[in-house]
file query03.cif (mmCIF, C-alpha atoms)
data_structure
#
loop_
_atom_site.group_PDB
_atom_site.id
_atom_site.type_symbol
_atom_site.label_atom_id
_atom_site.label_comp_id
_atom_site.auth_asym_id
_atom_site.auth_seq_id
_atom_site.Cartn_x
_atom_site.Cartn_y
_atom_site.Cartn_z
ATOM 1 C CA MET A 1401 0.435 4.552 -10.950
ATOM 2 C CA ASN A 1402 2.749 1.577 -10.770
ATOM 3 C CA VAL A 1403 5.435 1.205 -13.416
ATOM 4 C CA ALA A 1404 6.771 -2.266 -14.165
ATOM 5 C CA PHE A 1405 9.140 -3.800 -16.673
ATOM 6 C CA SER A 1406 8.943 -7.072 -18.545
ATOM 7 C CA SER A 1407 11.468 -8.868 -20.686
ATOM 8 C CA ALA A 1408 8.812 -11.237 -22.024
ATOM 9 C CA SER A 1409 7.511 -11.112 -25.562
ATOM 10 C CA PRO A 1410 4.830 -8.433 -26.044
ATOM 11 C CA ALA A 1411 2.403 -11.239 -26.906
ATOM 12 C CA ALA A 1412 2.949 -12.822 -23.473
ATOM 13 C CA VAL A 1413 2.444 -9.729 -21.292
ATOM 14 C CA ALA A 1414 -0.901 -9.704 -19.498
ATOM 15 C CA ALA A 1415 -2.615 -6.313 -19.718
ATOM 16 C CA ASP A 1416 -5.938 -4.812 -20.640
ATOM 17 C CA VAL A 1417 -4.250 -2.962 -23.515
ATOM 18 C CA LEU A 1418 -1.018 -3.784 -25.348
ATOM 19 C CA VAL A 1419 0.325 -0.666 -27.065
ATOM 20 C CA LEU A 1420 2.812 -1.128 -29.881
ATOM 21 C CA GLY A 1421 4.730 1.901 -31.135
ATOM 22 C CA VAL A 1422 5.077 1.717 -34.915
ATOM 23 C CA PRO A 1423 7.758 3.809 -36.657
ATOM 24 C CA ALA A 1424 6.886 4.907 -40.194
ATOM 25 C CA GLY A 1425 7.519 2.089 -42.658
ATOM 26 C CA LYS A 1426 8.271 -0.527 -39.976
ATOM 27 C CA LEU A 1427 4.847 -2.077 -39.466
ATOM 28 C CA ALA A 1428 6.069 -5.565 -40.470
ATOM 29 C CA ASP A 1429 8.932 -5.378 -37.947
ATOM 30 C CA VAL A 1430 6.539 -4.417 -35.153
ATOM 31 C CA LEU A 1431 3.948 -7.056 -36.068
ATOM 32 C CA ALA A 1432 6.681 -9.707 -35.873
ATOM 33 C CA ALA A 1433 6.552 -9.126 -32.094
ATOM 34 C CA VAL A 1434 2.984 -10.507 -32.034
ATOM 35 C CA PRO A 1435 3.106 -13.406 -34.503
ATOM 36 C CA ALA A 1436 -0.291 -14.762 -33.438
ATOM 37 C CA LEU A 1437 -1.967 -11.633 -34.783
ATOM 38 C CA SER A 1438 0.525 -10.388 -37.368
ATOM 39 C CA ALA A 1439 -1.414 -11.580 -40.432
ATOM 40 C CA GLY A 1440 -4.769 -10.318 -39.169
ATOM 41 C CA LEU A 1441 -3.428 -7.011 -37.868
ATOM 42 C CA GLY A 1442 -1.409 -6.544 -41.042
ATOM 43 C CA ALA A 1443 -4.544 -6.947 -43.135
ATOM 44 C CA VAL A 1444 -6.529 -4.540 -40.961
ATOM 45 C CA ALA A 1445 -3.655 -2.024 -41.034
ATOM 46 C CA ALA A 1446 -3.537 -2.219 -44.836
ATOM 47 C CA GLU A 1447 -7.303 -1.808 -45.066
ATOM 48 C CA GLU A 1448 -7.208 1.210 -42.719
ATOM 49 C CA ASP A 1449 -4.106 2.623 -44.462
ATOM 50 C CA PHE A 1450 -2.142 2.560 -41.186
ATOM 51 C CA THR A 1451 1.524 3.145 -41.960
ATOM 52 C CA GLY A 1452 2.946 4.471 -38.698
ATOM 53 C CA LYS A 1453 2.260 8.136 -39.415
ATOM 54 C CA PRO A 1454 2.771 10.184 -36.221
ATOM 55 C CA GLY A 1455 -0.328 10.132 -34.010
ATOM 56 C CA SER A 1456 -2.220 7.570 -36.064
ATOM 57 C CA VAL A 1457 -4.017 4.910 -34.034
ATOM 58 C CA LEU A 1458 -5.333 1.459 -34.896
ATOM 59 C CA SER A 1459 -7.188 -0.530 -32.251
ATOM 60 C CA ALA A 1460 -8.174 -4.183 -32.428
ATOM 61 C CA PRO A 1461 -9.243 -6.910 -29.993
ATOM 62 C CA SER A 1462 -6.767 -9.746 -29.522
ATOM 63 C CA TYR A 1463 -9.487 -12.437 -29.639
ATOM 64 C CA GLY A 1464 -7.593 -14.384 -26.982
ATOM 65 C CA ALA A 1465 -4.509 -14.838 -29.178
ATOM 66 C CA LEU A 1466 -2.453 -12.659 -26.814
ATOM 67 C CA ALA A 1467 -2.268 -12.242 -23.055
ATOM 68 C CA ALA A 1468 -3.600 -8.680 -23.547
ATOM 69 C CA SER A 1469 -7.284 -8.120 -24.304
ATOM 70 C CA ARG A 1470 -6.754 -5.383 -26.889
ATOM 71 C CA VAL A 1471 -3.926 -4.255 -29.167
ATOM 72 C CA LEU A 1472 -3.326 -0.619 -29.960
ATOM 73 C CA LEU A 1473 -0.937 0.353 -32.744
ATOM 74 C CA ILE A 1474 0.253 3.952 -32.463
ATOM 75 C CA GLY A 1475 2.256 5.624 -35.208
ATOM 76 C CA LEU A 1476 5.640 7.049 -34.250
ATOM 77 C CA GLY A 1477 6.647 8.620 -37.553
ATOM 78 C CA PRO A 1478 10.451 9.035 -37.456
ATOM 79 C CA ALA A 1479 10.466 7.659 -33.871
ATOM 80 C CA GLY A 1480 12.386 10.465 -32.194
ATOM 81 C CA LEU A 1481 12.054 11.393 -28.532
ATOM 82 C CA ALA A 1482 9.110 13.723 -29.191
ATOM 83 C CA ASP A 1483 7.369 10.989 -31.211
ATOM 84 C CA VAL A 1484 7.743 8.448 -28.396
ATOM 85 C CA ARG A 1485 6.389 11.035 -25.943
ATOM 86 C CA ALA A 1486 3.403 11.818 -28.167
ATOM 87 C CA ALA A 1487 2.630 8.110 -28.639
ATOM 88 C CA ALA A 1488 2.788 7.477 -24.877
ATOM 89 C CA GLY A 1489 0.410 10.389 -24.281
ATOM 90 C CA ILE A 1490 -2.021 8.974 -26.831
ATOM 91 C CA ALA A 1491 -1.672 5.565 -25.178
ATOM 92 C CA GLY A 1492 -2.553 7.073 -21.792
ATOM 93 C CA LYS A 1493 -5.642 8.767 -23.192
ATOM 94 C CA GLN A 1494 -6.775 5.696 -25.123
ATOM 95 C CA THR A 1495 -6.243 3.497 -22.052
ATOM 96 C CA ARG A 1496 -8.375 5.764 -19.876
ATOM 97 C CA ASP A 1497 -11.065 6.150 -22.566
ATOM 98 C CA ARG A 1498 -11.397 2.361 -22.683
ATOM 99 C CA GLY A 1499 -11.562 2.049 -18.895
ATOM 100 C CA ALA A 1500 -8.476 -0.183 -18.892
ATOM 101 C CA LYS A 1501 -6.647 -0.650 -15.589
ATOM 102 C CA THR A 1502 -3.409 -2.031 -17.017
ATOM 103 C CA ALA A 1503 -1.405 -1.095 -20.085
ATOM 104 C CA ALA A 1504 1.743 -2.530 -21.597
ATOM 105 C CA LEU A 1505 3.892 -0.357 -23.872
ATOM 106 C CA ALA A 1506 6.278 -1.938 -26.338
ATOM 107 C CA PHE A 1507 8.461 -0.272 -28.930
ATOM 108 C CA PRO A 1508 9.876 -3.317 -30.769
ATOM 109 C CA ALA A 1509 11.464 -1.323 -33.614
ATOM 110 C CA THR A 1510 12.609 1.678 -31.551
ATOM 111 C CA PRO A 1511 15.420 1.827 -28.983
ATOM 112 C CA ILE A 1512 14.222 3.374 -25.712
ATOM 113 C CA ASP A 1513 16.914 5.079 -23.649
ATOM 114 C CA THR A 1514 16.539 6.741 -20.231
ATOM 115 C CA ALA A 1515 15.329 10.043 -21.688
ATOM 116 C CA ALA A 1516 12.699 8.291 -23.794
ATOM 117 C CA LEU A 1517 11.611 6.178 -20.809
ATOM 118 C CA ARG A 1518 11.168 9.245 -18.595
ATOM 119 C CA SER A 1519 9.347 11.087 -21.337
ATOM 120 C CA ALA A 1520 7.030 8.124 -21.989
ATOM 121 C CA ILE A 1521 6.113 7.752 -18.296
ATOM 122 C CA GLU A 1522 5.361 11.456 -17.949
ATOM 123 C CA ALA A 1523 3.334 11.574 -21.172
ATOM 124 C CA PHE A 1524 1.345 8.448 -20.309
ATOM 125 C CA ALA A 1525 0.408 9.999 -16.956
ATOM 126 C CA GLU A 1526 -0.586 13.250 -18.690
ATOM 127 C CA GLY A 1527 -2.698 11.416 -21.258
ATOM 128 C CA ASN A 1528 -4.275 9.269 -18.566
ATOM 129 C CA TYR A 1529 -5.383 12.343 -16.584
ATOM 130 C CA ARG A 1530 -8.934 13.607 -16.582
ATOM 131 C CA PHE A 1531 -10.498 16.027 -14.135
ATOM 132 C CA ASP A 1532 -13.874 14.444 -13.520
ATOM 133 C CA LYS A 1533 -14.382 15.144 -9.832
ATOM 134 C CA TYR A 1534 -17.755 16.776 -10.438
ATOM 135 C CA LYS A 1535 -19.089 14.264 -12.950
ATOM 136 C CA PRO A 1536 -21.566 11.638 -11.795
ATOM 137 C CA ALA A 1537 -19.775 8.568 -10.417
ATOM 138 C CA GLY A 1538 -21.325 6.330 -13.066
ATOM 139 C CA SER A 1539 -19.817 8.327 -15.934
ATOM 140 C CA ARG A 1540 -16.251 8.404 -14.577
ATOM 141 C CA LYS A 1541 -13.551 6.109 -15.877
ATOM 142 C CA ALA A 1542 -10.720 5.398 -13.486
ATOM 143 C CA PRO A 1543 -7.133 5.939 -14.635
ATOM 144 C CA ALA A 1544 -4.835 3.050 -15.384
ATOM 145 C CA THR A 1545 -3.125 1.714 -12.284
ATOM 146 C CA THR A 1546 -0.251 -0.198 -13.895
ATOM 147 C CA LEU A 1547 1.991 0.661 -16.833
ATOM 148 C CA THR A 1548 4.365 -2.063 -17.975
ATOM 149 C CA PHE A 1549 7.239 -1.386 -20.357
ATOM 150 C CA VAL A 1550 8.047 -4.387 -22.514
ATOM 151 C CA GLY A 1551 11.593 -4.938 -23.736
ATOM 152 C CA VAL A 1552 12.865 -1.750 -22.067
ATOM 153 C CA ALA A 1553 15.734 -1.770 -19.585
ATOM 154 C CA GLU A 1554 14.579 -1.152 -16.022
ATOM 155 C CA ASP A 1555 15.688 2.159 -14.559
ATOM 156 C CA ALA A 1556 14.327 2.731 -11.036
ATOM 157 C CA GLU A 1557 15.745 6.252 -10.767
ATOM 158 C CA ALA A 1558 14.135 7.337 -14.040
ATOM 159 C CA VAL A 1559 10.811 5.890 -12.879
ATOM 160 C CA ARG A 1560 11.062 7.623 -9.506
ATOM 161 C CA ARG A 1561 11.851 11.010 -11.070
ATOM 162 C CA SER A 1562 9.206 10.694 -13.772
ATOM 163 C CA LEU A 1563 6.464 9.709 -11.361
ATOM 164 C CA ALA A 1564 7.396 12.585 -9.027
ATOM 165 C CA LEU A 1565 7.250 15.053 -11.899
ATOM 166 C CA ALA A 1566 3.989 13.589 -13.199
ATOM 167 C CA GLU A 1567 2.465 13.743 -9.714
ATOM 168 C CA GLY A 1568 3.344 17.430 -9.469
ATOM 169 C CA GLN A 1569 1.920 18.137 -12.918
ATOM 170 C CA LEU A 1570 -1.307 16.336 -12.102
ATOM 171 C CA LEU A 1571 -1.645 18.264 -8.829
ATOM 172 C CA ALA A 1572 -1.185 21.529 -10.721
ATOM 173 C CA ARG A 1573 -3.809 20.456 -13.246
ATOM 174 C CA ASP A 1574 -6.215 19.586 -10.414
ATOM 175 C CA LEU A 1575 -5.689 23.017 -8.845
ATOM 176 C CA VAL A 1576 -6.253 24.796 -12.158
ATOM 177 C CA ASN A 1577 -9.426 22.815 -12.851
ATOM 178 C CA GLU A 1578 -10.851 23.077 -9.337
ATOM 179 C CA GLN A 1579 -13.472 25.678 -8.519
ATOM 180 C CA PRO A 1580 -11.931 28.807 -6.933
ATOM 181 C CA ALA A 1581 -14.068 28.476 -3.813
ATOM 182 C CA GLU A 1582 -12.544 25.037 -3.205
ATOM 183 C CA VAL A 1583 -8.851 25.979 -3.466
ATOM 184 C CA TYR A 1584 -8.866 29.439 -1.900
ATOM 185 C CA PRO A 1585 -6.738 29.394 1.284
ATOM 186 C CA GLU A 1586 -8.436 30.447 4.496
#
call {"tool": "encode", "arguments": {"input": "query03.cif", "output": "structure tokens"}}
result
Amino acid sequence: MNVAFSSASPAAVAADVLVLGVPAGKLADVLAAVPALSAGLGAVAAEEDFTGKPGSVLSAPSYGALAASRVLLIGLGPAGLADVRAAAGIAGKQTRDRGAKTAALAFPATPIDTAALRSAIEAFAEGNYRFDKYKPAGSRKAPATTLTFVGVAEDAEAVRRSLALAEGQLLARDLVNEQPAEVYPE
């Protein structure tokens, strides 16, 4: 998985899915980052009673108003480190479930430091994982290939460490899920 950074507005970042982390009670602040859809998304969020509760998800197409095809609002609750990690994991799973190749994560109302960045990369990779080696090729959905952080300071060392850790975790998950006859050393 490639990790990139963008200083552009979330509305201008090209991706299959734009994920916006929404702290509890700060929906209006987050929607200000995507003014072309803020009124429509605000109305849908009110109708669906989306308030930024931890783990809550609201998905909507962008109808061409944004560079991304789809917008995903994910609740962060109090927006602590664990909440950012949980939201990134949900984003990874939702991205894979939709068959999206690229995802952009933005946390307009939440400061993201190095620890939160590392945690988000690892959690996105975990959420994006699925052991489907033995499923028919037509029913498999490929994982996302590019994750772009929007409005987050670039930190190459954090990315390198997080991807190395995620790669090790995914290998361990593959070994656990593999049939014993396949992984037994000879």
call {"tool": "resolve_selection", "arguments": {"input": "query03.cif", "expression": "the PyMOL selection byres ((chain A and resi 1421) around 10)", "output": "mmCIF file with C-alpha atoms, keeping the file's coordinate frame"}}
result
data_model
loop_
_atom_site.group_PDB
_atom_site.id
_atom_site.type_symbol
_atom_site.label_atom_id
_atom_site.label_comp_id
_atom_site.auth_asym_id
_atom_site.auth_seq_id
_atom_site.Cartn_x
_atom_site.Cartn_y
_atom_site.Cartn_z
ATOM 1 C CA LEU A 1418 -1.018 -3.784 -25.348
ATOM 2 C CA VAL A 1419 0.325 -0.666 -27.065
ATOM 3 C CA LEU A 1420 2.812 -1.128 -29.881
ATOM 4 C CA VAL A 1422 5.077 1.717 -34.915
ATOM 5 C CA PRO A 1423 7.758 3.809 -36.657
ATOM 6 C CA ALA A 1424 6.886 4.907 -40.194
ATOM 7 C CA LYS A 1426 8.271 -0.527 -39.976
ATOM 8 C CA LEU A 1427 4.847 -2.077 -39.466
ATOM 9 C CA VAL A 1430 6.539 -4.417 -35.153
ATOM 10 C CA GLY A 1452 2.946 4.471 -38.698
ATOM 11 C CA PRO A 1454 2.771 10.184 -36.221
ATOM 12 C CA VAL A 1457 -4.017 4.910 -34.034
ATOM 13 C CA LEU A 1472 -3.326 -0.619 -29.960
ATOM 14 C CA LEU A 1473 -0.937 0.353 -32.744
ATOM 15 C CA ILE A 1474 0.253 3.952 -32.463
ATOM 16 C CA GLY A 1475 2.256 5.624 -35.208
ATOM 17 C CA LEU A 1476 5.640 7.049 -34.250
ATOM 18 C CA GLY A 1477 6.647 8.620 -37.553
ATOM 19 C CA ALA A 1479 10.466 7.659 -33.871
ATOM 20 C CA ASP A 1483 7.369 10.989 -31.211
ATOM 21 C CA VAL A 1484 7.743 8.448 -28.396
ATOM 22 C CA ALA A 1487 2.630 8.110 -28.639
ATOM 23 C CA ALA A 1488 2.788 7.477 -24.877
ATOM 24 C CA ALA A 1491 -1.672 5.565 -25.178
ATOM 25 C CA LEU A 1505 3.892 -0.357 -23.872
ATOM 26 C CA ALA A 1506 6.278 -1.938 -26.338
ATOM 27 C CA PHE A 1507 8.461 -0.272 -28.930
ATOM 28 C CA PRO A 1508 9.876 -3.317 -30.769
ATOM 29 C CA ALA A 1509 11.464 -1.323 -33.614
ATOM 30 C CA THR A 1510 12.609 1.678 -31.551
#
call {"tool": "closest_residue", "arguments": {"input": "query03.cif", "among": "A:Ala1432, A:Ala1443, A:Val1417, A:Lys1533", "to": "Leu1575 in chain A", "atoms": "all atoms listed in the file"}}
result
A:Lys1533
call {"tool": "residues_near_point", "arguments": {"input": "query03.cif", "point": "(9.1, 8.0, -13.9)", "cutoff": "10 Å", "atoms": "all atoms listed in the file", "output": "VMD selection string"}}
result
chain A and resid 1401 to 1403 1514 1517 to 1523 1525 1555 to 1567
call {"tool": "write_last_selection", "arguments": {"input": "query03.cif", "atoms": "C-alpha atoms", "output": "tab-separated table (two decimals), keeping the file's coordinate frame"}}
result
chain	number	residue	atom	x	y	z
A	1401	MET	CA	0.44	4.55	-10.95
A	1402	ASN	CA	2.75	1.58	-10.77
A	1403	VAL	CA	5.44	1.20	-13.42
A	1514	THR	CA	16.54	6.74	-20.23
A	1517	LEU	CA	11.61	6.18	-20.81
A	1518	ARG	CA	11.17	9.24	-18.60
A	1519	SER	CA	9.35	11.09	-21.34
A	1520	ALA	CA	7.03	8.12	-21.99
A	1521	ILE	CA	6.11	7.75	-18.30
A	1522	GLU	CA	5.36	11.46	-17.95
A	1523	ALA	CA	3.33	11.57	-21.17
A	1525	ALA	CA	0.41	10.00	-16.96
A	1555	ASP	CA	15.69	2.16	-14.56
A	1556	ALA	CA	14.33	2.73	-11.04
A	1557	GLU	CA	15.74	6.25	-10.77
A	1558	ALA	CA	14.14	7.34	-14.04
A	1559	VAL	CA	10.81	5.89	-12.88
A	1560	ARG	CA	11.06	7.62	-9.51
A	1561	ARG	CA	11.85	11.01	-11.07
A	1562	SER	CA	9.21	10.69	-13.77
A	1563	LEU	CA	6.46	9.71	-11.36
A	1564	ALA	CA	7.40	12.58	-9.03
A	1565	LEU	CA	7.25	15.05	-11.90
A	1566	ALA	CA	3.99	13.59	-13.20
A	1567	GLU	CA	2.46	13.74	-9.71
call {"tool": "closest_residue", "arguments": {"input": "query03.cif", "among": "A:Ala1504, A:Leu1570, A:Ala1544, A:Ala1428", "to": "Arg1470 in chain A", "atoms": "only C-alpha atoms"}}
result
A:Ala1504
call {"tool": "closest_residue", "arguments": {"input": "query03.cif", "among": "A:Gly1527, A:Gly1480, A:Pro1543, A:Pro1461", "to": "Ala1500 in chain A", "atoms": "only C-alpha atoms"}}
result
A:Pro1543
call {"tool": "closest_residue", "arguments": {"input": "query03.cif", "among": "A:Ala1404, A:Ala1515, A:Arg1498, A:Tyr1534", "to": "Glu1578 in chain A", "atoms": "all atoms listed in the file"}}
result
A:Tyr1534
call {"tool": "atom_distance", "arguments": {"input": "query03.cif", "atom1": "CA of Phe1549 in chain A", "atom2": "CA of Arg1530 in chain A"}}
result
22.4 Å
call {"tool": "closest_residue", "arguments": {"input": "query03.cif", "among": "A:Lys1501, A:Arg1496, A:Lys1535, A:Arg1573", "to": "Leu1547 in chain A", "atoms": "all atoms listed in the file"}}
result
A:Lys1501
call {"tool": "atom_distance", "arguments": {"input": "query03.cif", "atom1": "CA of Pro1580 in chain A", "atom2": "CA of Gly1568 in chain A"}}
result
19.2 Å
call {"tool": "resolve_selection", "arguments": {"input": "query03.cif", "expression": "the PyMOL selection byres ((chain A and resi 1469) around 10)", "output": "PyMOL selection string"}}
result
chain A and resi 1414-1418+1460-1468+1470-1471+1500
call {"tool": "atom_distance", "arguments": {"input": "query03.cif", "atom1": "CA of Asp1513 in chain A", "atom2": "CA of Ser1438 in chain A"}}
result
26.4 Å
call {"tool": "closest_residue", "arguments": {"input": "query03.cif", "among": "A:Phe1531, A:Tyr1584, A:Phe1405, A:Phe1524", "to": "Lys1493 in chain A", "atoms": "only C-alpha atoms"}}
result
A:Phe1524
call {"tool": "resolve_selection", "arguments": {"input": "query03.cif", "expression": "the PyMOL selection byres ((chain A and resi 1551) around 7)", "output": "CSV table (one decimal) with C-alpha atoms, in the coordinates of the input"}}
result
chain,number,residue,atom,x,y,z
A,1406,SER,CA,8.9,-7.1,-18.5
A,1407,SER,CA,11.5,-8.9,-20.7
A,1506,ALA,CA,6.3,-1.9,-26.3
A,1549,PHE,CA,7.2,-1.4,-20.4
A,1550,VAL,CA,8.0,-4.4,-22.5
A,1552,VAL,CA,12.9,-1.8,-22.1
A,1553,ALA,CA,15.7,-1.8,-19.6
call {"tool": "build_atoms", "arguments": {"input": "query03.cif", "residues": "range 1494-1526 of chain A", "atoms": "N, CA and C atoms", "output": "mmCIF file, keeping the file's coordinate frame"}}
result
data_model
loop_
_atom_site.group_PDB
_atom_site.id
_atom_site.type_symbol
_atom_site.label_atom_id
_atom_site.label_comp_id
_atom_site.auth_asym_id
_atom_site.auth_seq_id
_atom_site.Cartn_x
_atom_site.Cartn_y
_atom_site.Cartn_z
ATOM 1 N N GLN A 1494 -6.010 6.824 -24.592
ATOM 2 C CA GLN A 1494 -6.775 5.696 -25.123
ATOM 3 C C GLN A 1494 -7.049 4.659 -24.026
ATOM 4 N N THR A 1495 -6.075 4.445 -23.160
ATOM 5 C CA THR A 1495 -6.243 3.497 -22.052
ATOM 6 C C THR A 1495 -7.363 3.962 -21.126
ATOM 7 N N ARG A 1496 -7.338 5.224 -20.769
ATOM 8 C CA ARG A 1496 -8.375 5.764 -19.876
ATOM 9 C C ARG A 1496 -9.743 5.742 -20.555
ATOM 10 N N ASP A 1497 -9.797 6.134 -21.838
ATOM 11 C CA ASP A 1497 -11.065 6.150 -22.566
ATOM 12 C C ASP A 1497 -11.708 4.766 -22.623
ATOM 13 N N ARG A 1498 -10.888 3.733 -22.626
ATOM 14 C CA ARG A 1498 -11.397 2.361 -22.683
ATOM 15 C C ARG A 1498 -11.682 1.784 -21.290
ATOM 16 N N GLY A 1499 -11.343 2.524 -20.251
ATOM 17 C CA GLY A 1499 -11.562 2.049 -18.895
ATOM 18 C C GLY A 1499 -10.600 0.941 -18.495
ATOM 19 N N ALA A 1500 -9.467 0.858 -19.172
ATOM 20 C CA ALA A 1500 -8.476 -0.183 -18.892
ATOM 21 C C ALA A 1500 -7.691 0.153 -17.634
ATOM 22 N N LYS A 1501 -7.417 -0.842 -16.825
ATOM 23 C CA LYS A 1501 -6.647 -0.650 -15.589
ATOM 24 C C LYS A 1501 -5.152 -0.876 -15.800
ATOM 25 N N THR A 1502 -4.813 -1.718 -16.775
ATOM 26 C CA THR A 1502 -3.409 -2.031 -17.017
ATOM 27 C C THR A 1502 -3.077 -1.817 -18.486
ATOM 28 N N ALA A 1503 -1.878 -1.309 -18.720
ATOM 29 C CA ALA A 1503 -1.405 -1.095 -20.085
ATOM 30 C C ALA A 1503 0.033 -1.564 -20.180
ATOM 31 N N ALA A 1504 0.371 -2.122 -21.327
ATOM 32 C CA ALA A 1504 1.743 -2.530 -21.597
ATOM 33 C C ALA A 1504 2.203 -1.772 -22.835
ATOM 34 N N LEU A 1505 3.332 -1.098 -22.744
ATOM 35 C CA LEU A 1505 3.892 -0.357 -23.872
ATOM 36 C C LEU A 1505 5.112 -1.078 -24.398
ATOM 37 N N ALA A 1506 5.129 -1.297 -25.695
ATOM 38 C CA ALA A 1506 6.278 -1.938 -26.338
ATOM 39 C C ALA A 1506 6.656 -1.131 -27.573
ATOM 40 N N PHE A 1507 7.929 -0.975 -27.768
ATOM 41 C CA PHE A 1507 8.461 -0.272 -28.930
ATOM 42 C C PHE A 1507 9.466 -1.205 -29.609
ATOM 43 N N PRO A 1508 8.976 -2.292 -30.241
ATOM 44 C CA PRO A 1508 9.876 -3.317 -30.769
ATOM 45 C C PRO A 1508 10.881 -2.833 -31.807
ATOM 46 N N ALA A 1509 10.563 -1.790 -32.558
ATOM 47 C CA ALA A 1509 11.464 -1.323 -33.614
ATOM 48 C C ALA A 1509 12.117 0.013 -33.266
ATOM 49 N N THR A 1510 12.072 0.384 -31.985
ATOM 50 C CA THR A 1510 12.609 1.678 -31.551
ATOM 51 C C THR A 1510 13.395 1.502 -30.259
ATOM 52 N N PRO A 1511 14.666 1.896 -30.244
ATOM 53 C CA PRO A 1511 15.420 1.827 -28.983
ATOM 54 C C PRO A 1511 14.914 2.880 -27.998
ATOM 55 N N ILE A 1512 14.721 2.472 -26.755
ATOM 56 C CA ILE A 1512 14.222 3.374 -25.712
ATOM 57 C C ILE A 1512 15.326 3.565 -24.673
ATOM 58 N N ASP A 1513 15.889 4.771 -24.636
ATOM 59 C CA ASP A 1513 16.914 5.079 -23.649
ATOM 60 C C ASP A 1513 16.267 5.715 -22.415
ATOM 61 N N THR A 1514 17.068 6.167 -21.470
ATOM 62 C CA THR A 1514 16.539 6.741 -20.231
ATOM 63 C C THR A 1514 15.682 7.970 -20.496
ATOM 64 N N ALA A 1515 16.109 8.831 -21.390
ATOM 65 C CA ALA A 1515 15.329 10.043 -21.688
ATOM 66 C C ALA A 1515 13.973 9.676 -22.285
ATOM 67 N N ALA A 1516 13.958 8.719 -23.178
ATOM 68 C CA ALA A 1516 12.699 8.291 -23.794
ATOM 69 C C ALA A 1516 11.800 7.611 -22.767
ATOM 70 N N LEU A 1517 12.387 6.835 -21.860
ATOM 71 C CA LEU A 1517 11.611 6.178 -20.809
ATOM 72 C C LEU A 1517 10.954 7.222 -19.915
ATOM 73 N N ARG A 1518 11.724 8.192 -19.455
ATOM 74 C CA ARG A 1518 11.168 9.245 -18.595
ATOM 75 C C ARG A 1518 10.063 10.005 -19.318
ATOM 76 N N SER A 1519 10.318 10.339 -20.549
ATOM 77 C CA SER A 1519 9.347 11.087 -21.337
ATOM 78 C C SER A 1519 8.064 10.285 -21.532
ATOM 79 N N ALA A 1520 8.200 8.989 -21.775
ATOM 80 C CA ALA A 1520 7.030 8.124 -21.989
ATOM 81 C C ALA A 1520 6.198 7.998 -20.708
ATOM 82 N N ILE A 1521 6.847 7.858 -19.565
ATOM 83 C CA ILE A 1521 6.113 7.752 -18.296
ATOM 84 C C ILE A 1521 5.336 9.041 -18.032
ATOM 85 N N GLU A 1522 6.015 10.165 -18.189
ATOM 86 C CA GLU A 1522 5.361 11.456 -17.949
ATOM 87 C C GLU A 1522 4.186 11.666 -18.904
ATOM 88 N N ALA A 1523 4.391 11.366 -20.176
ATOM 89 C CA ALA A 1523 3.334 11.574 -21.172
ATOM 90 C C ALA A 1523 2.163 10.628 -20.956
ATOM 91 N N PHE A 1524 2.436 9.385 -20.574
ATOM 92 C CA PHE A 1524 1.345 8.448 -20.309
ATOM 93 C C PHE A 1524 0.489 8.970 -19.153
ATOM 94 N N ALA A 1525 1.146 9.454 -18.106
ATOM 95 C CA ALA A 1525 0.408 9.999 -16.956
ATOM 96 C C ALA A 1525 -0.418 11.215 -17.372
ATOM 97 N N GLU A 1526 0.150 12.079 -18.205
ATOM 98 C CA GLU A 1526 -0.586 13.250 -18.690
ATOM 99 C C GLU A 1526 -1.796 12.837 -19.523
#
